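Visitor: Pasting a structure here, questions to come.
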Amino acid sequence: MTALAKHKDPAISKPANVILIKWKRTIKNESQNSKPDAKETPNDAESRASRETKDTRPPAPAQTKPAKEPQEAKETKESGETKQPKDDVKKRVREADVEYEEQQKLEEETDEKYEEFMRKNETKDMIRKNIRKSILKNLLKYEPNRKKECAILAVKIENGIVKAYGGNPSEYSNKARTIVANIMRSNDFKARILNGEIVPEEIATMDPKDMVDEHLKKKRDDMEKSIVDAKRSDFMIANMKVKEGMYT
């Protein structure tokens with residue numbers, strides 16, 4: 001290599017010189033690295049130990065971005081509502097459909113029973129028809145949304161009057177007027193009829209006193225009691241008078 005570096009031809013000597021210089025630098029570096037290190041001071045040892053400790057610490061875990069919430073879940077969370085699973089929603093819809101169908105079926109059965117009852121109890125007598133209409137009209141004032149039920153009750157009440165007083169037109173008319181008047185005046189009486197507390201066919205045989213409102217009944221009872229007490233007091237006072245010459 002030295003011979004080539006001294007060659008007369010520059011095309012040969014120049015590359016040879018470059019290679020030779022690089023080779024010498026490599027030899028020099030290797031010899032320097034193979035020499036023993038200088039004596040290490042306590043400070044150097046402490047610094048080296050600190051560096052080694054730092055280097056041996058486990059790497060910090062990589063930070064991962066939180067998964068993005070679906071838009072639907074985000075909206076539900078913001079509104080504070082609990083999103084029902086689709087299966088639960090479908091189940092509730094099916095239950096609502098079944099309930100609606102049962103209600104429709106019940107209404108159809110009720111309509112059939114109503115029509116059958118009215119057909120069996122139909123009358124051509126105008127007086128009886130007018131009594132039924134008057135009872136129905138006053139019951140509907142209390143419960144306007146129960147038209148069919150009120151109509152059935154009116155027929156049953158009038159049938160009871162016929163059963164009790166049908167053989168005597170005068171008594172039938174008087175009892176019918178009394179019942180209609182009490183139904184018209186007394187909300188308590190109407191409520192007891194509609195709530196089933198009174199059997200409609202038995203109203204014809206009720207005492208008119210039992211048809212009035214409870215507070216009116218109590219007021220009437222108190223008034224009657226006062227009259228009886230007053231009469232008793234007058235009687236006692238009359239019998240307590242001293243007869244003339246009784247003690248002479």
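By order of appearance in the structure tokens: chains A, B, ..., then residues from 1 within every chain, and ligands from 1 in the order shown.
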Just want the 7 Å neighbourhood of region 149-155 of chain A, counted on only C-alpha atoms, with same-chain residues fewer than 2 positions away dropped. Output as a ChimeraX atom specification.

Guide: /A:132,135-136,139-140,146-147,157-159,200

Visitor: Do you know which residues are at most 10 Å from Ile161 (chain A) counting only C-alpha atoms, after dropping those on the same chain fewer than 2 positions away, and could you put them as a count of residues only?

Guide: 21

Visitor: CA of Ala96 (chain A) and CA of Asn145 (chain A) are how many Å apart?

Guide: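 Those two atoms sit 23.9 Å apart.
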
Visitor: Hey, which of A:Asn130, A:Asp188, A:Lys209, A:Lys148 ends up closest to Glu115 (chain A)? Count only C-alpha atoms.

Guide: A:Lys148

Visitor: CA of Pro169 (chain A) and CA of Ile127 (chain A), how far apart in Å?

Guide: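 Rounded to one decimal, the two atoms are 10.3 Å apart.
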
Visitor: Just how far from CA of Ile183 (chain A) is CA of Phe117 (chain A), in Å to one decimal?

Guide: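 We find that CA of Phe117 (chain A) and CA of Ile183 (chain A) lie 22.8 Å from each other.
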
Visitor: A:Val180, A:Lys90, A:Lys105, A:Glu95: which is nearest Ile131 (chain A), counting only C-alpha atoms?

Guide: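 Smallest separation from Ile131 (chain A) among the options: A:Val180.
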